[in-house]
Amino acid sequence: MAFKQITSPHAHAAQNTTKVMQLLLWATVPGLAALTIQFGWGSLINIVLAVVTSVICEAAIIKLRKRPVAFYLRDYSAAVTAVLLGLALPPLAPWWVVVVGSMFSIVIAKQLYGGLGYNPFNPAMVGYVVLLISFPIQMTTWITPLALLPEGVSHPGIVESLGIVFAGYSPADGVTGATPLDSFKHSSGLVVDQIYQNDPLFSQAAFAGVGWEWVNLGFLAGGIVLLATRIFTWHGPVAMLAAIALMSIIFWDGGSSESPGSPLMHLFSGASMMGAFFILTDPVSSAVSNRGRLVYGALIGVLVYIIRAWGNYPDAVAFAVLLANFAAPFIDNYTLPRTYGHTDRRRATEKEEDA
Amino acid sequence: MSDVTASEVVKNGLWTNNPALVQLLGLCPLLAVTGSVVNALGLGIATLAVLVGSNTIVSLIRNHVSDAVRLPAFVIIIAAFVTCAELLMKAFTYDLYQILGIFIPLIVTNCAILGRAEAFASKNKVGLAALDGFMMGLGFLAVLVALGAIRELLGSGTLFADMHLLFGATASSWVLQPFGENYSFLIAVLPPGAFLVTGFLIAIKNAIDAANKRRADAQRDAPVKGAKRIRTTGHIS
């Protein structure tokens, strides 16, 4: 859909949905590059598969709903959802995992609610959560980062990767392994210093966790580009990252065996950066005003940390984002901006005469 | 006393006013126990029995209980029947009784049952009330079983698994596994799957109703053969 963004007269070009979505796609390139270098071809295959499935599903549903197909497909929103889902899924996941997730994202989470602009939940995250609940084994099998592959083993090449994804061949020994957050969660008897010495995921890392730190830096770079082009404001991402940092400082406790991990590890592990810049900035399912986005982002950050530290899942961005999506209308109600020329803020639910 | 015919009662219970798909009553058991056909069938039959019994008795006492205390009276009648159903299940299908657990006593709180007692049985004659209870129960049972079948098939890849819990040892070979041994799609057997499948069932019912209505409208508006219209402005009704 090509909604024109209303701009002030001094702005020199109007944005529209297509341009925003294309820019978002370009901004995922650093993160995708890092994923591909560190974990092999899997993420690229995921993305291609997800985009094809999503576009087909989107076209089919729009056709069913008797809307103009080409007009809606041209807004690239299905592709963005698909790319985000493809980035979030474990590389070399079986093809049906990607297909089921993409179908769920587009058909149920997006189009059944009325399409772009009407979905209360982030479609990519809905797809991800459905997969995580339904196929726990496939969704928690991650690839070993490049630096930690055993002697003589390399990531499967493109042909072999396609075989693993489509024909169900099992990858060579040592190609799959735990993520830093997994590893931290499952070494509860050790103090943090011991984990850092014993686990190569940390002992060979530059600052947060082998492989993952680069992926997160990639998404951070892409996110900063988007911030600089004013696709979104800084409020949501900064609030989320600050909340994660604050929570992990408060509960750091000097690195005992009960410690949930350092702030650096939490900021640069799992989906922290991708979530902060690419997921919670979704304008449809997030809070609307700047103050609202501060609250919304902070809520996600706190929830991510709580689920990571004390929940059953190693990472939690998807769950946190969905929970905050529920809360977004409520946050909006209490963070309505002051109208220019009025003295007080209003609440969305107040009646005109009360104001 | 309302003047409904028996055929209307049948149609209401099974389709037009289906407790699960239209009135959306009794959703708690509907969503909680429909992970497999056998669970759905067990709870559906228990609900059906309670509904027939409570509707009959409520209809019998409808002229003897004052309006002020009618609700407590209805609840006591329903609770008595639920206790009977629970004890019967404990006696004859103990394994199923253990699987369904708290949801059997919870039939008391199923609003479909109290709803029918209040809305229908307390205003109609015994025969009609019993028929209404039976048809409403059957409508509820049908939706439960459909939901159970879809969720079992999607979620665990089986159909009619564990039927021996309800029908004796011979039924344990009824199980079908169309997708092979290793298939599973957990979300369908978890609570979110229940909401999703229920939503789709309601959508299908609404689509069928809409299609029927369109067809009926088209037939009604079709010009009678050989009729001549003199004025063509306005609508001839």
# chains A, B, ... in the order shown; residues from 1 in each chain; ligands from 1
>>> interface_residues(of="chain A", to="chain B", cutoff="12 Å", atoms="only C-alpha atoms", output="list in words")
Trp96, Val97, Val100, Gly101, Phe104, Ile108, Ala109, Leu112, Val126, Gly127, Val129, Val130, Leu131, Leu132, Ile133, Ser134, Phe135, Pro136, Ile137 and Gln138 of chain A
>>> write_last_selection(atoms="N, CA and C atoms", output="short mmCIF file (atom, residue, chain, number, x, y, z; two decimals), in the first residue's frame")
data_model
loop_
_atom_site.label_atom_id
_atom_site.label_comp_id
_atom_site.auth_asym_id
_atom_site.auth_seq_id
_atom_site.Cartn_x
_atom_site.Cartn_y
_atom_site.Cartn_z
N TRP A 96 10.02 -26.94 5.89
CA TRP A 96 8.62 -26.80 6.29
C TRP A 96 8.48 -25.89 7.51
N VAL A 97 9.53 -25.79 8.33
CA VAL A 97 9.46 -24.85 9.46
C VAL A 97 9.31 -23.43 8.92
N VAL A 100 5.77 -23.00 7.18
CA VAL A 100 4.66 -22.88 8.13
C VAL A 100 4.71 -21.53 8.84
N GLY A 101 5.91 -21.11 9.25
CA GLY A 101 6.04 -19.81 9.94
C GLY A 101 5.61 -18.66 9.06
N PHE A 104 1.85 -18.62 8.58
CA PHE A 104 1.18 -18.15 9.79
C PHE A 104 1.29 -16.63 9.92
N ILE A 108 -2.50 -15.53 9.04
CA ILE A 108 -3.26 -15.38 10.28
C ILE A 108 -2.91 -14.09 11.00
N ALA A 109 -1.61 -13.81 11.17
CA ALA A 109 -1.27 -12.64 11.98
C ALA A 109 -1.48 -11.33 11.23
N LEU A 112 -5.67 -11.89 8.20
CA LEU A 112 -6.95 -12.15 8.86
C LEU A 112 -7.38 -10.96 9.70
N VAL A 126 4.77 -13.30 15.55
CA VAL A 126 3.72 -14.31 15.73
C VAL A 126 4.16 -15.61 15.08
N GLY A 127 4.67 -15.50 13.84
CA GLY A 127 5.15 -16.70 13.15
C GLY A 127 6.25 -17.38 13.94
N VAL A 129 6.89 -17.24 17.21
CA VAL A 129 6.41 -17.85 18.45
C VAL A 129 5.64 -19.14 18.16
N VAL A 130 4.82 -19.12 17.11
CA VAL A 130 4.10 -20.35 16.73
C VAL A 130 5.10 -21.48 16.47
N LEU A 131 6.16 -21.16 15.75
CA LEU A 131 7.16 -22.19 15.46
C LEU A 131 7.88 -22.64 16.71
N LEU A 132 8.22 -21.67 17.57
CA LEU A 132 8.97 -22.01 18.77
C LEU A 132 8.14 -22.94 19.67
N ILE A 133 6.83 -22.67 19.74
CA ILE A 133 5.96 -23.52 20.57
C ILE A 133 5.75 -24.87 19.91
N SER A 134 5.62 -24.87 18.57
CA SER A 134 5.23 -26.11 17.89
C SER A 134 6.41 -27.04 17.63
N PHE A 135 7.55 -26.49 17.27
CA PHE A 135 8.69 -27.34 16.89
C PHE A 135 9.91 -26.99 17.74
N PRO A 136 9.86 -27.28 19.04
CA PRO A 136 10.96 -26.83 19.92
C PRO A 136 12.33 -27.38 19.51
N ILE A 137 12.38 -28.61 18.99
CA ILE A 137 13.70 -29.17 18.66
C ILE A 137 14.31 -28.43 17.48
N GLN A 138 13.55 -28.31 16.40
CA GLN A 138 14.09 -27.65 15.22
C GLN A 138 14.43 -26.19 15.50
#
>>> residues_around(residues="Asn124 (chain B)", least_positions_apart="6", cutoff="12 Å", atoms="only C-alpha atoms", output="MDAnalysis selection string")
chainID B and resid 1:6 9 55:63 116:118 130:133
>>> residues_around(residues="Gln98 (chain B)", least_positions_apart="4", cutoff="12 Å", atoms="only C-alpha atoms", output="list of chain:residue names")
B:Asn39, B:Gly42, B:Leu43, B:Glu86, B:Leu87, B:Met89, B:Lys90, B:Ala91, B:Phe92, B:Thr93, B:Tyr94, B:Ile102, B:Phe103, B:Ile104, B:Pro105, B:Leu165
>>> write_last_selection(atoms="N, CA and C atoms", output="PDB file, in the first residue's frame")
ATOM      1  N   ASN B  39     -11.441 -37.381  24.125  1.00  0.00           N
ATOM      2  CA  ASN B  39     -11.767 -36.424  25.184  1.00  0.00           C
ATOM      3  C   ASN B  39     -13.020 -35.644  24.843  1.00  0.00           C
ATOM      4  N   GLY B  42     -16.108 -37.838  25.140  1.00  0.00           N
ATOM      5  CA  GLY B  42     -16.439 -38.095  26.537  1.00  0.00           C
ATOM      6  C   GLY B  42     -17.146 -36.917  27.172  1.00  0.00           C
ATOM      7  N   LEU B  43     -16.555 -35.735  27.048  1.00  0.00           N
ATOM      8  CA  LEU B  43     -17.159 -34.572  27.676  1.00  0.00           C
ATOM      9  C   LEU B  43     -18.467 -34.205  26.984  1.00  0.00           C
ATOM     10  N   GLU B  86     -20.719 -37.667  36.687  1.00  0.00           N
ATOM     11  CA  GLU B  86     -19.357 -37.863  37.173  1.00  0.00           C
ATOM     12  C   GLU B  86     -19.194 -39.260  37.763  1.00  0.00           C
ATOM     13  N   LEU B  87     -20.173 -39.665  38.599  1.00  0.00           N
ATOM     14  CA  LEU B  87     -20.070 -40.985  39.227  1.00  0.00           C
ATOM     15  C   LEU B  87     -20.134 -42.083  38.181  1.00  0.00           C
ATOM     16  N   MET B  89     -19.174 -41.889  35.039  1.00  0.00           N
ATOM     17  CA  MET B  89     -17.902 -41.948  34.313  1.00  0.00           C
ATOM     18  C   MET B  89     -16.821 -42.598  35.163  1.00  0.00           C
ATOM     19  N   LYS B  90     -16.872 -42.291  36.468  1.00  0.00           N
ATOM     20  CA  LYS B  90     -15.901 -42.892  37.381  1.00  0.00           C
ATOM     21  C   LYS B  90     -16.064 -44.407  37.375  1.00  0.00           C
ATOM     22  N   ALA B  91     -17.328 -44.863  37.274  1.00  0.00           N
ATOM     23  CA  ALA B  91     -17.589 -46.289  37.357  1.00  0.00           C
ATOM     24  C   ALA B  91     -17.227 -47.007  36.064  1.00  0.00           C
ATOM     25  N   PHE B  92     -17.539 -46.396  34.917  1.00  0.00           N
ATOM     26  CA  PHE B  92     -17.424 -47.153  33.672  1.00  0.00           C
ATOM     27  C   PHE B  92     -16.235 -46.754  32.798  1.00  0.00           C
ATOM     28  N   THR B  93     -15.816 -45.503  32.851  1.00  0.00           N
ATOM     29  CA  THR B  93     -14.685 -45.075  32.018  1.00  0.00           C
ATOM     30  C   THR B  93     -13.674 -44.345  32.896  1.00  0.00           C
ATOM     31  N   TYR B  94     -13.090 -45.103  33.825  1.00  0.00           N
ATOM     32  CA  TYR B  94     -12.274 -44.456  34.856  1.00  0.00           C
ATOM     33  C   TYR B  94     -11.069 -43.715  34.272  1.00  0.00           C
ATOM     34  N   ILE B 102     -10.994 -32.154  36.246  1.00  0.00           N
ATOM     35  CA  ILE B 102     -11.855 -31.114  36.808  1.00  0.00           C
ATOM     36  C   ILE B 102     -12.956 -30.695  35.829  1.00  0.00           C
ATOM     37  N   PHE B 103     -12.781 -30.980  34.541  1.00  0.00           N
ATOM     38  CA  PHE B 103     -13.741 -30.451  33.582  1.00  0.00           C
ATOM     39  C   PHE B 103     -15.088 -31.169  33.639  1.00  0.00           C
ATOM     40  N   ILE B 104     -15.143 -32.348  34.270  1.00  0.00           N
ATOM     41  CA  ILE B 104     -16.455 -32.999  34.432  1.00  0.00           C
ATOM     42  C   ILE B 104     -17.279 -32.272  35.488  1.00  0.00           C
ATOM     43  N   PRO B 105     -16.757 -32.081  36.719  1.00  0.00           N
ATOM     44  CA  PRO B 105     -17.535 -31.274  37.659  1.00  0.00           C
ATOM     45  C   PRO B 105     -17.823 -29.876  37.133  1.00  0.00           C
ATOM     46  N   LEU B 165     -10.569 -46.004  25.686  1.00  0.00           N
ATOM     47  CA  LEU B 165     -10.970 -45.397  26.952  1.00  0.00           C
ATOM     48  C   LEU B 165     -12.489 -45.305  27.053  1.00  0.00           C
TER      49      LEU B 165
END
>>> atom_distance(atom1="CA of Leu106 (chain B)", atom2="CA of Val10 (chain B)")
25.9 Å
>>> residues_around(residues="Phe232 (chain A)", least_positions_apart="2", cutoff="9 Å", atoms="only C-alpha atoms", output="list of chain:residue names")
A:Leu226, A:Leu227, A:Ala228, A:Thr229, A:Arg230, A:Trp234, A:His235, A:Gly236, A:Phe277, A:Thr281, A:Asp282, A:Pro283
>>> write_last_selection(atoms="C-alpha atoms", output="compact mmCIF listing (two decimals), in the first residue's frame")
# COMPACT_ATOMS: atom_id res chain seq x y z
CA LEU A 226 17.63 3.68 9.71
CA LEU A 227 17.76 6.03 12.68
CA ALA A 228 19.87 8.49 10.67
CA THR A 229 17.36 8.41 7.80
CA ARG A 230 14.58 9.03 10.33
CA TRP A 234 15.28 6.73 18.79
CA HIS A 235 12.78 6.32 21.62
CA GLY A 236 11.79 2.68 21.24
CA PHE A 277 15.91 -1.78 15.71
CA THR A 281 10.04 -0.22 15.62
CA ASP A 282 7.18 -1.71 13.58
CA PRO A 283 4.91 1.36 13.39
>>> residues_around(residues="Asp162 (chain B)", least_positions_apart="6", cutoff="10 Å", atoms="only C-alpha atoms", output="list in words")
Ser36, Val37, Val38, Asn39, Leu96, Gly168, Ala169, Ala171, Ser172, Ser173, Trp174 and Val175 of chain B
>>> residues_around(residues="Leu149 (chain A)", least_positions_apart="6", cutoff="12 Å", atoms="only C-alpha atoms", output="PyMOL selection string")
chain A and resi 38-40+143+155-156+172-177+200-201+210-211
>>> residues_around(residues="Gly199 (chain B)", least_positions_apart="2", cutoff="12 Å", atoms="only C-alpha atoms", output="PyMOL selection string")
(chain A and resi 108+112) or (chain B and resi 20-22+24+27+31+143+147+192-197+201-206)
>>> write_last_selection(atoms="C-alpha atoms", output="tab-separated table (two decimals), in the first residue's frame")
chain	number	residue	atom	x	y	z
A	108	ILE	CA	-3.26	-15.38	10.28
A	112	LEU	CA	-6.95	-12.15	8.86
B	20	ALA	CA	-20.75	-23.51	20.66
B	21	LEU	CA	-20.63	-21.72	17.31
B	22	VAL	CA	-23.33	-19.07	17.66
B	24	LEU	CA	-20.37	-19.11	22.17
B	27	LEU	CA	-16.16	-22.20	25.77
B	31	LEU	CA	-11.29	-25.12	24.46
B	143	VAL	CA	-18.69	-29.06	17.55
B	147	LEU	CA	-12.78	-29.52	17.07
B	192	PRO	CA	-3.95	-21.23	21.23
B	193	GLY	CA	-4.79	-23.93	18.70
B	194	ALA	CA	-8.22	-24.34	20.27
B	195	PHE	CA	-8.97	-20.65	19.79
B	196	LEU	CA	-7.69	-20.67	16.22
B	197	VAL	CA	-9.62	-23.78	15.16
B	201	LEU	CA	-15.12	-23.26	12.44
B	202	ILE	CA	-17.22	-20.17	13.19
B	203	ALA	CA	-15.95	-18.55	10.00
B	204	ILE	CA	-16.90	-21.61	7.97
B	205	LYS	CA	-20.39	-21.64	9.49
B	206	ASN	CA	-20.85	-17.95	8.75
>>> closest_residue(among="B:Val50, B:Val33, B:Met136, B:Ala211", to="Gly13 (chain B)", atoms="only C-alpha atoms")
B:Met136
>>> decode(residues="region 266-289 of chain A", atoms="N, CA and C atoms", output="compact mmCIF listing (two decimals), in the first residue's frame")
# COMPACT_ATOMS: atom_id res chain seq x y z
N HIS A 266 24.06 -9.53 27.48
CA HIS A 266 22.63 -9.43 27.17
C HIS A 266 22.38 -8.49 26.00
N LEU A 267 23.17 -7.44 25.90
CA LEU A 267 22.94 -6.49 24.81
C LEU A 267 23.38 -7.07 23.48
N PHE A 268 24.43 -7.91 23.48
CA PHE A 268 24.97 -8.39 22.21
C PHE A 268 24.77 -9.89 22.02
N SER A 269 23.72 -10.44 22.63
CA SER A 269 23.42 -11.85 22.41
C SER A 269 22.01 -11.98 21.86
N GLY A 270 21.75 -13.14 21.29
CA GLY A 270 20.40 -13.44 20.83
C GLY A 270 19.90 -12.37 19.89
N ALA A 271 18.65 -11.97 20.08
CA ALA A 271 18.02 -11.06 19.15
C ALA A 271 17.94 -9.64 19.69
N SER A 272 18.80 -9.27 20.65
CA SER A 272 18.66 -7.96 21.28
C SER A 272 18.64 -6.82 20.27
N MET A 273 19.69 -6.75 19.43
CA MET A 273 19.80 -5.61 18.51
C MET A 273 18.77 -5.69 17.40
N MET A 274 18.57 -6.90 16.87
CA MET A 274 17.56 -7.05 15.83
C MET A 274 16.18 -6.65 16.38
N GLY A 275 15.89 -7.11 17.61
CA GLY A 275 14.62 -6.75 18.21
C GLY A 275 14.50 -5.25 18.39
N ALA A 276 15.57 -4.62 18.89
CA ALA A 276 15.49 -3.20 19.21
C ALA A 276 15.28 -2.36 17.97
N PHE A 277 15.96 -2.68 16.87
CA PHE A 277 15.91 -1.78 15.71
C PHE A 277 14.96 -2.24 14.61
N PHE A 278 14.68 -3.54 14.53
CA PHE A 278 13.88 -4.01 13.40
C PHE A 278 12.52 -4.55 13.80
N ILE A 279 12.36 -4.98 15.05
CA ILE A 279 11.09 -5.58 15.44
C ILE A 279 10.21 -4.58 16.18
N LEU A 280 10.74 -3.99 17.24
CA LEU A 280 9.83 -3.15 18.04
C LEU A 280 9.58 -1.80 17.39
N THR A 281 10.29 -1.48 16.31
CA THR A 281 10.04 -0.22 15.62
C THR A 281 8.91 -0.34 14.60
N ASP A 282 8.32 -1.53 14.47
CA ASP A 282 7.18 -1.71 13.58
C ASP A 282 6.10 -0.68 13.94
N PRO A 283 5.81 0.26 13.02
CA PRO A 283 4.91 1.36 13.39
C PRO A 283 3.48 0.90 13.64
N VAL A 284 3.10 -0.25 13.10
CA VAL A 284 1.71 -0.67 13.22
C VAL A 284 1.41 -1.21 14.62
N SER A 285 2.29 -2.09 15.11
CA SER A 285 1.95 -2.77 16.35
C SER A 285 2.57 -2.12 17.58
N SER A 286 3.36 -1.07 17.40
CA SER A 286 3.97 -0.44 18.58
C SER A 286 3.10 0.71 19.08
N ALA A 287 3.53 1.32 20.19
CA ALA A 287 2.85 2.52 20.67
C ALA A 287 3.13 3.66 19.69
N VAL A 288 2.34 4.72 19.76
CA VAL A 288 2.39 5.72 18.71
C VAL A 288 3.25 6.94 19.07
N SER A 289 2.99 7.53 20.24
CA SER A 289 3.68 8.79 20.55
C SER A 289 5.10 8.49 21.01
